[in-house]
Structures are given as C-alpha cells and as structure tokens.
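The file upload_21.pdb contains PDB, C-alpha atoms and all ligand atoms:
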ATOM      1  CA  MET A  47       0.000   0.000   0.000
ATOM      2  CA  VAL A  48       1.330   3.432  -0.937
ATOM      3  CA  LEU A  49       1.456   5.851   1.976
ATOM      4  CA  GLU A  50      -0.730   8.828   1.204
ATOM      5  CA  ARG A  51       0.916  12.228   1.565
ATOM      6  CA  VAL A  52      -0.519  15.458   2.909
ATOM      7  CA  SER A  53       0.932  18.840   1.956
ATOM      8  CA  THR A  54       2.487  20.835   4.784
ATOM      9  CA  GLY A  55       1.440  24.086   3.085
ATOM     10  CA  VAL A  56       5.085  24.873   2.263
ATOM     11  CA  PRO A  57       5.869  23.435  -1.199
ATOM     12  CA  LYS A  58       9.603  23.211  -0.670
ATOM     13  CA  LEU A  59       9.135  21.557   2.723
ATOM     14  CA  ASP A  60       6.971  18.924   1.026
ATOM     15  CA  ARG A  61       9.842  18.142  -1.300
ATOM     16  CA  ILE A  62      12.347  18.073   1.590
ATOM     17  CA  LEU A  63      10.075  15.601   3.406
ATOM     18  CA  GLY A  64       9.846  13.319   0.395
ATOM     19  CA  GLY A  65       6.314  14.384  -0.546
ATOM     20  CA  GLY A  66       4.817  15.874   2.620
ATOM     21  CA  PHE A  67       3.513  14.379   5.834
ATOM     22  CA  ILE A  68       2.092  10.849   5.817
ATOM     23  CA  ARG A  69      -1.668  11.061   6.227
ATOM     24  CA  GLY A  70      -2.896  10.262   9.720
ATOM     25  CA  LYS A  71       0.502  10.498  11.393
ATOM     26  CA  THR A  72       1.830  12.863  14.024
ATOM     27  CA  TYR A  73       4.669  15.328  13.496
ATOM     28  CA  LEU A  74       6.626  17.540  15.834
ATOM     29  CA  ILE A  75       7.714  21.106  15.068
ATOM     30  CA  THR A  76      10.269  21.981  17.665
ATOM     31  CA  GLY A  77      12.439  25.004  18.434
ATOM     32  CA  GLU A  78      13.177  27.818  20.829
ATOM     33  CA  THR A  79      10.727  30.610  21.500
ATOM     34  CA  GLY A  80       9.815  32.981  18.660
ATOM     35  CA  VAL A  81      11.290  30.919  15.834
ATOM     36  CA  GLY A  82       8.055  30.429  13.884
ATOM     37  CA  LYS A  83       6.546  27.186  15.204
ATOM     38  CA  THR A  84       3.023  28.564  15.491
ATOM     39  CA  ILE A  85       3.178  30.214  12.054
ATOM     40  CA  LEU A  86       4.382  26.987  10.417
ATOM     41  CA  SER A  87       1.638  25.005  12.144
ATOM     42  CA  LEU A  88      -1.020  27.501  11.021
ATOM     43  CA  GLN A  89       0.265  27.270   7.459
ATOM     44  CA  PHE A  90      -0.295  23.506   7.628
ATOM     45  CA  LEU A  91      -3.905  24.136   8.698
ATOM     46  CA  LEU A  92      -4.423  26.795   5.996
ATOM     47  CA  GLU A  93      -3.415  24.306   3.340
ATOM     48  CA  GLY A  94      -6.249  22.056   4.506
ATOM     49  CA  LEU A  95      -8.715  24.951   4.774
ATOM     50  CA  ARG A  96      -7.915  26.023   1.222
ATOM     51  CA  ASN A  97      -8.879  22.505   0.130
ATOM     52  CA  GLY A  98     -12.162  22.741   2.013
ATOM     53  CA  GLU A  99     -11.037  20.451   4.833
ATOM     54  CA  ARG A 100     -12.174  20.826   8.432
ATOM     55  CA  VAL A 101      -9.279  21.433  10.786
ATOM     56  CA  ALA A 102      -8.677  22.073  14.489
ATOM     57  CA  TYR A 103      -6.272  24.440  16.193
ATOM     58  CA  VAL A 104      -5.865  23.652  19.888
ATOM     59  CA  SER A 105      -4.062  26.329  21.841
ATOM     60  CA  LEU A 106      -2.487  25.198  25.064
ATOM     61  CA  ASP A 107      -1.020  28.471  26.242
ATOM     62  CA  GLU A 108      -2.099  31.544  24.224
ATOM     63  CA  ARG A 109      -5.614  32.923  23.918
ATOM     64  CA  VAL A 110      -6.962  31.538  20.704
ATOM     65  CA  GLN A 111      -8.384  34.942  19.670
ATOM     66  CA  GLY A 112      -4.862  36.342  19.911
ATOM     67  CA  VAL A 113      -3.549  33.673  17.558
ATOM     68  CA  LEU A 114      -6.303  34.297  14.996
ATOM     69  CA  ASP A 115      -5.796  38.073  15.245
ATOM     70  CA  GLY A 116      -2.026  37.585  14.979
ATOM     71  CA  ALA A 117      -2.456  35.575  11.795
ATOM     72  CA  MET A 118      -4.205  38.610  10.276
ATOM     73  CA  THR A 119      -0.850  40.459  10.413
ATOM     74  CA  LEU A 120       0.376  37.898   7.899
ATOM     75  CA  GLY A 121      -2.684  38.464   5.725
ATOM     76  CA  TRP A 122      -4.199  35.150   6.778
ATOM     77  CA  ASP A 123      -7.891  35.545   7.546
ATOM     78  CA  LEU A 124      -8.495  32.520   9.732
ATOM     79  CA  TRP A 125     -11.592  34.173  11.161
ATOM     80  CA  SER A 126     -13.367  33.734   7.820
ATOM     81  CA  TYR A 127     -12.740  29.987   7.926
ATOM     82  CA  TYR A 128     -13.976  29.953  11.506
ATOM     83  CA  ARG A 129     -17.187  31.638  10.399
ATOM     84  CA  MET A 130     -17.511  29.131   7.546
ATOM     85  CA  GLY A 131     -17.363  26.355  10.143
ATOM     86  CA  LEU A 132     -14.218  24.800   8.726
ATOM     87  CA  LEU A 133     -11.821  25.885  11.466
ATOM     88  CA  TYR A 134     -12.346  24.741  15.058
ATOM     89  CA  PRO A 135     -10.096  26.901  17.231
ATOM     90  CA  PHE A 136     -10.199  26.301  20.978
ATOM     91  CA  GLU A 137      -8.135  26.336  24.121
ATOM     92  CA  ILE A 138      -7.376  23.567  26.545
ATOM     93  CA  ARG A 139      -5.932  24.592  29.853
ATOM     94  CA  ILE A 140      -3.957  22.012  31.711
ATOM     95  CA  PHE A 141      -3.405  22.436  35.391
ATOM     96  CA  SER A 142      -1.088  20.319  37.412
ATOM     97  CA  GLU A 143      -3.997  19.410  39.701
ATOM     98  CA  ASP A 144      -5.816  17.937  36.697
ATOM     99  CA  LEU A 145      -2.799  15.972  35.663
ATOM    100  CA  ARG A 146      -2.561  14.502  39.124
ATOM    101  CA  LYS A 147      -6.282  13.865  39.151
ATOM    102  CA  TYR A 148      -6.305  12.140  35.775
ATOM    103  CA  GLY A 149      -3.025  10.434  36.412
ATOM    104  CA  LYS A 150      -1.670   9.107  33.177
ATOM    105  CA  SER A 151      -5.100   8.975  31.609
ATOM    106  CA  SER A 152      -5.300  11.494  28.809
ATOM    107  CA  LYS A 153      -8.877  10.566  28.012
ATOM    108  CA  ALA A 154     -10.372  13.767  29.365
ATOM    109  CA  TYR A 155      -8.402  15.833  26.876
ATOM    110  CA  ILE A 156      -9.143  13.547  23.977
ATOM    111  CA  ASP A 157     -12.838  13.678  24.857
ATOM    112  CA  THR A 158     -12.646  17.461  24.814
ATOM    113  CA  ILE A 159     -10.966  17.469  21.407
ATOM    114  CA  ILE A 160     -13.584  15.087  20.019
ATOM    115  CA  LYS A 161     -16.429  17.135  21.475
ATOM    116  CA  MET A 162     -15.022  20.428  20.176
ATOM    117  CA  THR A 163     -14.472  19.090  16.651
ATOM    118  CA  ASN A 164     -17.964  17.853  15.901
ATOM    119  CA  GLY A 165     -17.135  14.286  16.871
ATOM    120  CA  GLY A 166     -13.597  14.343  15.537
ATOM    121  CA  GLN A 167     -14.608  15.283  11.985
ATOM    122  CA  VAL A 168     -11.312  16.959  11.170
ATOM    123  CA  SER A 169      -8.484  15.983   8.864
ATOM    124  CA  ARG A 170      -5.780  18.156  10.440
ATOM    125  CA  ILE A 171      -5.089  19.004  14.063
ATOM    126  CA  VAL A 172      -2.505  21.273  15.642
ATOM    127  CA  LEU A 173      -1.714  21.115  19.370
ATOM    128  CA  ASP A 174       0.309  24.231  20.168
ATOM    129  CA  PRO A 175       2.445  23.690  22.227
ATOM    130  CA  ILE A 176       2.282  20.082  23.424
ATOM    131  CA  SER A 177       4.903  20.903  26.055
ATOM    132  CA  ALA A 178       2.307  22.950  27.920
ATOM    133  CA  MET A 179       0.190  19.801  28.275
ATOM    134  CA  ALA A 180       2.681  18.174  30.522
ATOM    135  CA  PHE A 181       3.703  21.094  32.704
ATOM    136  CA  GLY A 182       3.315  20.398  36.335
ATOM    137  CA  ALA A 183       3.614  16.656  35.944
ATOM    138  CA  LEU A 184       5.712  15.272  38.708
ATOM    139  CA  GLU A 185       6.692  12.008  37.132
ATOM    140  CA  GLU A 186       8.571  11.895  33.849
ATOM    141  CA  PHE A 187       7.178   8.443  33.158
ATOM    142  CA  ALA A 188       3.619   9.679  33.515
ATOM    143  CA  VAL A 189       4.265  12.496  31.028
ATOM    144  CA  ARG A 190       5.645  10.118  28.458
ATOM    145  CA  GLU A 191       2.696   7.739  28.797
ATOM    146  CA  TYR A 192       0.339  10.659  28.723
ATOM    147  CA  ILE A 193       1.695  12.162  25.508
ATOM    148  CA  ARG A 194       1.922   8.700  23.957
ATOM    149  CA  GLU A 195      -1.733   8.065  24.723
ATOM    150  CA  ILE A 196      -2.748  11.401  23.252
ATOM    151  CA  ILE A 197      -0.869  10.658  20.023
ATOM    152  CA  LEU A 198      -2.329   7.135  19.792
ATOM    153  CA  PHE A 199      -5.853   8.379  20.414
ATOM    154  CA  LEU A 200      -5.526  11.130  17.813
ATOM    155  CA  GLU A 201      -4.167   8.713  15.233
ATOM    156  CA  GLU A 202      -6.564   5.852  15.947
ATOM    157  CA  LYS A 203      -9.798   7.566  16.957
ATOM    158  CA  ILE A 204      -9.684  10.694  14.766
ATOM    159  CA  GLY A 205      -7.242   9.660  12.053
ATOM    160  CA  ALA A 206      -6.201  13.247  11.433
ATOM    161  CA  THR A 207      -2.723  14.305  10.411
ATOM    162  CA  THR A 208      -1.444  16.016  13.525
ATOM    163  CA  VAL A 209       1.204  18.627  14.194
ATOM    164  CA  LEU A 210       2.474  19.132  17.717
ATOM    165  CA  THR A 211       4.657  22.119  18.450
ATOM    166  CA  CYS A 212       7.190  21.893  21.208
ATOM    167  CA  ASP A 213       9.281  24.633  22.742
ATOM    168  CA  ILE A 214      12.770  23.864  23.847
ATOM    169  CA  PRO A 215      14.749  25.935  26.336
ATOM    170  CA  SER A 216      17.010  28.551  24.701
ATOM    171  CA  GLY A 217      20.553  27.355  24.192
ATOM    172  CA  SER A 218      19.788  23.693  24.789
ATOM    173  CA  ASN A 219      20.690  20.925  22.388
ATOM    174  CA  ARG A 220      17.538  19.005  23.134
ATOM    175  CA  LEU A 221      15.000  18.287  20.451
ATOM    176  CA  SER A 222      12.044  18.651  22.766
ATOM    177  CA  ARG A 223      11.059  19.854  26.190
ATOM    178  CA  PHE A 224      10.866  16.455  27.856
ATOM    179  CA  GLY A 225      13.213  14.509  25.637
ATOM    180  CA  TYR A 226      10.891  11.874  24.232
ATOM    181  CA  GLU A 227       8.244  13.726  22.215
ATOM    182  CA  GLU A 228      10.526  13.128  19.223
ATOM    183  CA  PHE A 229      10.450   9.363  19.712
ATOM    184  CA  LEU A 230       6.673   9.353  19.787
ATOM    185  CA  SER A 231       6.149  11.272  16.545
ATOM    186  CA  SER A 232       6.680  10.158  12.953
ATOM    187  CA  GLY A 233       8.834  13.116  12.050
ATOM    188  CA  VAL A 234      10.603  16.067  13.590
ATOM    189  CA  ILE A 235      11.161  19.493  12.031
ATOM    190  CA  VAL A 236      13.554  21.741  13.918
ATOM    191  CA  VAL A 237      13.267  25.502  13.428
ATOM    192  CA  GLY A 238      15.770  27.980  14.829
ATOM    193  CA  LEU A 239      17.861  31.089  14.463
ATOM    194  CA  ARG A 240      21.538  31.170  13.574
ATOM    195  CA  ASN A 241      23.915  34.103  13.758
ATOM    196  CA  VAL A 242      25.550  34.540  10.357
ATOM    197  CA  GLY A 243      27.866  37.516  10.079
ATOM    198  CA  GLY A 244      26.098  39.413  12.830
ATOM    199  CA  ARG A 245      22.623  38.841  11.421
ATOM    200  CA  LEU A 246      20.109  36.306  12.711
ATOM    201  CA  VAL A 247      18.993  33.933  10.015
ATOM    202  CA  ARG A 248      16.003  31.612  10.345
ATOM    203  CA  THR A 249      16.831  27.935   9.866
ATOM    204  CA  LEU A 250      14.787  24.801   9.298
ATOM    205  CA  MET A 251      15.877  21.193   9.132
ATOM    206  CA  VAL A 252      14.242  17.801   9.139
ATOM    207  CA  ARG A 253      15.703  15.826  11.977
ATOM    208  CA  LYS A 254      13.714  12.656  11.465
ATOM    209  CA  MET A 255      11.131  11.387   8.989
ATOM    210  CA  ARG A 256       9.843   7.832   9.268
ATOM    211  CA  TRP A 257       9.447   5.990   5.968
ATOM    212  CA  SER A 258      10.721   8.868   3.860
ATOM    213  CA  PRO A 259      13.981   9.655   2.103
ATOM    214  CA  ALA A 260      14.099  13.086   3.733
ATOM    215  CA  ASP A 261      16.607  15.776   2.806
ATOM    216  CA  MET A 262      18.598  16.543   5.980
ATOM    217  CA  THR A 263      20.110  19.848   4.769
ATOM    218  CA  VAL A 264      19.831  22.838   7.109
ATOM    219  CA  TYR A 265      17.843  25.397   5.103
ATOM    220  CA  THR A 266      17.253  29.070   5.695
ATOM    221  CA  PHE A 267      13.764  30.502   5.586
ATOM    222  CA  GLU A 268      11.891  33.770   5.842
ATOM    223  CA  ILE A 269       8.445  34.638   7.122
ATOM    224  CA  MET A 270       6.669  36.662   4.454
ATOM    225  CA  HIS A 271       3.320  38.363   4.210
ATOM    226  CA  LYS A 272       0.681  35.958   2.819
ATOM    227  CA  ARG A 273       3.271  33.358   1.901
ATOM    228  CA  GLY A 274       4.249  32.626   5.503
ATOM    229  CA  VAL A 275       7.254  30.332   5.735
ATOM    230  CA  VAL A 276       9.291  30.506   2.529
ATOM    231  CA  ILE A 277      12.317  28.244   2.400
ATOM    232  CA  GLY A 278      15.503  29.676   0.913
ATOM    233  CA  PRO A 279      19.020  28.434   0.206
ATOM    234  CA  PRO A 280      20.882  26.039   2.510
ATOM    235  CA  LEU A 281      22.557  27.641   5.512
ATOM    236  CA  THR A 282      25.993  26.602   4.248
ATOM    237  CA  SER A 283      25.665  28.849   1.216
ATOM    238  CA  LEU A 284      25.300  31.825   3.588
ATOM    239  CA  GLU A 285      28.038  30.677   5.931
ATOM    240  CA  SER A 286      30.464  30.097   3.102
ATOM    241  CA  GLY A 287      30.854  33.838   2.820
ATOM    242  CA  GLN A 288      28.522  34.583  -0.050
ATOM    243  CA  PRO A 289      26.993  38.035   0.397
ATOM    244  CA  VAL A 290      23.732  37.887   2.311
ATOM    245  CA  SER A 291      22.073  40.556   0.204
ATOM    246  CA  GLY A 292      20.665  39.150  -2.981
ATOM    247  CA  GLN A 293      19.715  35.878  -1.322
ATOM    248  CA  GLU A 294      16.097  36.926  -1.316
ATOM    249  CA  GLU A 295      15.887  36.367  -5.058
ATOM    250  CA  ARG A 296      16.873  32.801  -4.483
ATOM    251  CA  PHE A 297      13.893  32.157  -2.261
ATOM    252  CA  GLU A 298      11.575  29.993  -4.219
ATOM    253  CA  GLN A 299       9.178  31.832  -6.412
ATOM    254  CA  GLU A 300       6.604  29.191  -7.161
ATOM    255  CA  GLU A 301       4.721  29.495  -3.891
ATOM    256  CA  ARG A 302       1.063  30.156  -4.373
ATOM    257  CA  PHE A 303      -0.616  33.367  -3.320
ATOM    258  CA  PRO A 304      -4.117  32.195  -2.573
ATOM    259  CA  ASP A 305      -6.692  34.846  -3.236
ATOM    260  CA  GLU A 306      -9.027  33.677  -0.544
ATOM    261  CA  PHE A 307      -6.718  35.139   2.092
ATOM    262  CA  ASP A 308      -7.607  38.545   0.725
ATOM    263  CA  VAL A 309     -11.070  38.184   2.235
ATOM    264  CA  SER A 310     -11.245  41.318   4.328
ATOM    265  CA  SER A 311     -12.366  40.919   7.900
ATOM    266  CA  PRO A 312     -15.349  42.861   9.184
TER     267      PRO A 312
HETATM  268  N1  LIG B   1       3.262  39.467  10.280
HETATM  269  C1  LIG B   1       4.514  38.989  10.343
HETATM  270  N2  LIG B   1       5.350  39.102   9.308
HETATM  271  C2  LIG B   1       6.594  38.619   9.366
HETATM  272  N3  LIG B   1       7.120  37.964  10.417
HETATM  273  C3  LIG B   1       6.322  37.808  11.480
HETATM  274  C4  LIG B   1       4.981  38.298  11.493
HETATM  275  N4  LIG B   1       4.438  37.980  12.677
HETATM  276  C5  LIG B   1       5.396  37.343  13.361
HETATM  277  N5  LIG B   1       6.526  37.245  12.659
HETATM  278  C6  LIG B   1       7.765  36.603  13.090
HETATM  279  O1  LIG B   1       7.430  35.337  13.611
HETATM  280  C7  LIG B   1       8.000  35.169  14.885
HETATM  281  C8  LIG B   1       7.062  34.429  15.823
HETATM  282  O2  LIG B   1       6.587  33.287  15.193
HETATM  283  P1  LIG B   1       5.754  32.219  16.031
HETATM  284  O3  LIG B   1       4.762  32.900  16.899
HETATM  285  O4  LIG B   1       5.285  31.219  15.063
HETATM  286  O5  LIG B   1       6.920  31.651  16.946
HETATM  287  P2  LIG B   1       6.848  30.428  17.981
HETATM  288  O6  LIG B   1       8.022  29.598  17.698
HETATM  289  O7  LIG B   1       5.513  29.814  17.947
HETATM  290  O8  LIG B   1       7.068  31.206  19.359
HETATM  291  P3  LIG B   1       6.591  30.796  20.844
HETATM  292  O9  LIG B   1       7.555  29.777  21.329
HETATM  293  O10 LIG B   1       6.692  32.084  21.581
HETATM  294  O11 LIG B   1       5.205  30.285  20.755
HETATM  295  C9  LIG B   1       8.231  36.545  15.429
HETATM  296  O12 LIG B   1       9.344  36.540  16.283
HETATM  297  C10 LIG B   1       8.428  37.380  14.209
HETATM  298  O13 LIG B   1       9.801  37.464  13.929
HETATM  299 MG    MG B   2       4.002  29.602  19.339
END

Rewritten as structure tokens:
Amino acid sequence: MVLERVSTGVPKLDRILGGGFIRGKTYLITGETGVGKTILSLQFLLEGLRNGERVAYVSLDERVQGVLDGAMTLGWDLWSYYRMGLLYPFEIRIFSEDLRKYGKSSKAYIDTIIKMTNGGQVSRIVLDPISAMAFGALEEFAVREYIREIILFLEEKIGATTVLTCDIPSGSNRLSRFGYEEFLSSGVIVVGLRNVGGRLVRTLMVRKMRWSPADMTVYTFEIMHKRGVVIGPPLTSLESGQPVSGQEERFEQEERFPDEFDVSSP
C-alpha cells in the first residue's frame, strides 16, 4: 500500500520531506521561543482549509483569539474559515492538579478534542504547544505515557494528520522539552535562528522522517506576508561567505498566493 501524503502548506518543505507528511501520522515542530513554530503550524492548517477540509487548532497556552488576530498580520484571515465552520479553534488549559487527578489517563483531553471538533470530523489538528500539556507533571514516566496516549488516540480515533509544536529551552541541544516527544512522533522538524555575520537567520531542518527519504540539509527561511514560511538556500551557502544581500531572489518563487486570504475581515 502506498502511503498517502498530505501537503504541509510549504511546497519546498513537502519536497524536503519526500512528498509531505504521511496522512494520519503525528509530526513535531520543535524550536526555541519565537522561531516560527506557530506560524508553520497555522500554514499547515491553511493548506487544509484552502482545500475545504475541516481542521482544528488547539491552543495550550495563548488565547486563541490572539492567535487568529495575529495571523491577520500575515494576511491570513483565519476568522473567515472559523465563520464558515471549517476551522475549530479552541483552548485547553492544563493544570497540574488535573494531571494529578487524571493520572496518566489522557482521556479527558481527547474527549474534549472530540467534542469540540464535531465528533472528531477533522483531517488536520494542531496542538500548540504540546509541552504545555505536561507542565506540572511530577513524574517523567507519567508524562511520556500521557503524551503517547494522546498521540495514539488522535491517530486511531480521529485519524487526522497532527502537528504538535514543542518549545525547547534557549541554548539547549535538546529536540524537545521532555526529551521523548521526538520518539513518539513520525517526524521532527527543527526551526531555529543562527547568527551569520552578525545577522540572525532563520533555519529549518528535518531531523527525522519515518518511511521517507528526507533531505537533511539545514535550510534558511523567511516569514513573508501571505506566503508565511518561505524556504531559501541552505545555511551553508550563507556561511560560506557569499553576500547575504541578494539571497532573497533565491527564495523559491513558485509558492502560491491564494486569493481567498484577501477576504477582508469585518
Ligand atoms: N506578520 C509577520 N510578518 C513577518 N514575520 C512575522 C509576522 N508575525 C510574526 N513574525 C515573526 O514570527 C516570529 C514568531 O513566530 P511564532 O509565533 O510562530 O513563533 P513560535 O516559535 O511559535 O514562538 P513561541 O515559542 O513564543 O510560541 C516573530 O518573532 C516574528 O519574527
Ligand atoms: Mg508559538
């Protein structure tokens, strides 16, 4: 059986991943604060929305209104998809008391996700950030089991392609907050910032991709109005001393500019 692929919303990332995400699997977007994890995850949802899919955005730390308003600064009118009933944005707050109360059972959260998504009728889900789900947990083992159960439930009960974001402490070499989220997901995309000649450059690399001949090059990227994440040349071409100016032209040009994002908000 051929594994079906789902576009990430970033054409060049699809190629880097060997055709996109595998449908129904769970992927981790990890990186330090402010590197673009939320924007990349929203772009993945927008790709589905543009195709008329129903999708869910689950915020675990920010107010969901703030995220939808923030997306407007990129020219992405998520509110219109919300009004069309295609986007289910909601918040789940996790308190350490709850985690102790539920123990390692993640069922309460899964039930909430199912209830909030019209019985799990969604093809894409983002949990942003998954690390917030496990804050306050006393036992590392419980956190691992807990996140594992959430991933299994999402894959088996809902069958959606899922993106989890995960923040890692600044300056650490870890791939995730707790150190095992990466083992539980089918692929890991690491986003970051690198100092090149006194200028911070955004970087993206695929650290792991199950069942795919992924390209492991460290790429640069920019966040652009409407286009969102646009992948540019490999980091090495900047570090090798080539002038930084002029690189913009080498950012791929074939990205689509969907008109529906021009829908003006009320
Ligand atoms: N409208 C915009 N146009 C261009 N770049 C933007 C725009 N809005 C935000 N950015 C850039 O995106 C970055 C934040 O992206 P995002 O919120 O996705 O990061 P994050 O990794 O989710 O951060 P956190 O860990 O705080 O949740 C900002 O630091 C800013 O540089
Ligand atoms: Mg974020």

Practice problem: Check which residues satisfy the PyMOL selection byres (((chain A and resi 274) around 9) and not hetatm) in the file shown, then give them as a ChimeraX atom specification. | Solution: /A:56,85-86,89,120,122,268-273,275-276

Quiz item: So how many Å separate CA of Leu91 (chain A) and CA of Arg170 (chain A), to one decimal?
Solution: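 Distance reported for this atom pair: 6.5 Å.
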
Residue by residue, what does the PyMOL selection byres (((chain A and resi 259) around 12) and not hetatm) grab here? Present the result as a PDB file with C-alpha atoms, keeping the file's coordinate frame.
ATOM      1  CA  ASP A  60       6.971  18.924   1.026  1.00  0.00           C
ATOM      2  CA  ARG A  61       9.842  18.142  -1.300  1.00  0.00           C
ATOM      3  CA  ILE A  62      12.347  18.073   1.590  1.00  0.00           C
ATOM      4  CA  LEU A  63      10.075  15.601   3.406  1.00  0.00           C
ATOM      5  CA  GLY A  64       9.846  13.319   0.395  1.00  0.00           C
ATOM      6  CA  GLY A  65       6.314  14.384  -0.546  1.00  0.00           C
ATOM      7  CA  GLY A  66       4.817  15.874   2.620  1.00  0.00           C
ATOM      8  CA  GLY A 233       8.834  13.116  12.050  1.00  0.00           C
ATOM      9  CA  VAL A 252      14.242  17.801   9.139  1.00  0.00           C
ATOM     10  CA  ARG A 253      15.703  15.826  11.977  1.00  0.00           C
ATOM     11  CA  LYS A 254      13.714  12.656  11.465  1.00  0.00           C
ATOM     12  CA  MET A 255      11.131  11.387   8.989  1.00  0.00           C
ATOM     13  CA  ARG A 256       9.843   7.832   9.268  1.00  0.00           C
ATOM     14  CA  TRP A 257       9.447   5.990   5.968  1.00  0.00           C
ATOM     15  CA  SER A 258      10.721   8.868   3.860  1.00  0.00           C
ATOM     16  CA  ALA A 260      14.099  13.086   3.733  1.00  0.00           C
ATOM     17  CA  ASP A 261      16.607  15.776   2.806  1.00  0.00           C
ATOM     18  CA  MET A 262      18.598  16.543   5.980  1.00  0.00           C
TER      19      MET A 262
END

Practice problem: Could you list the residues chosen by the PyMOL selection byres (((not hetatm)) within 9 of (chain B and resi 1)) in this structure as a PyMOL selection string? | Solution: chain A and resi 75-88+107-108+113+116-121+174-175+211-214+237-238+268-272+274-275

Quiz item: Using all atoms listed in the file, which of the listed residues (A:Ala178, A:Ala154, A:Val52, A:Leu95) sits closest to ligand MG 2 (chain B)?
Solution: A:Ala178

Kindly list the centre and edge lengths in Å, rounded to one decimal, for the axis-aligned box that covers all listed atoms of region 213-224 of chain A plus 6 Å on each of its six sides, as AutoDock Vina command-line options.
--center_x 15.0 --center_y 22.5 --center_z 24.2 --size_x 23.4 --size_y 24.1 --size_z 19.4
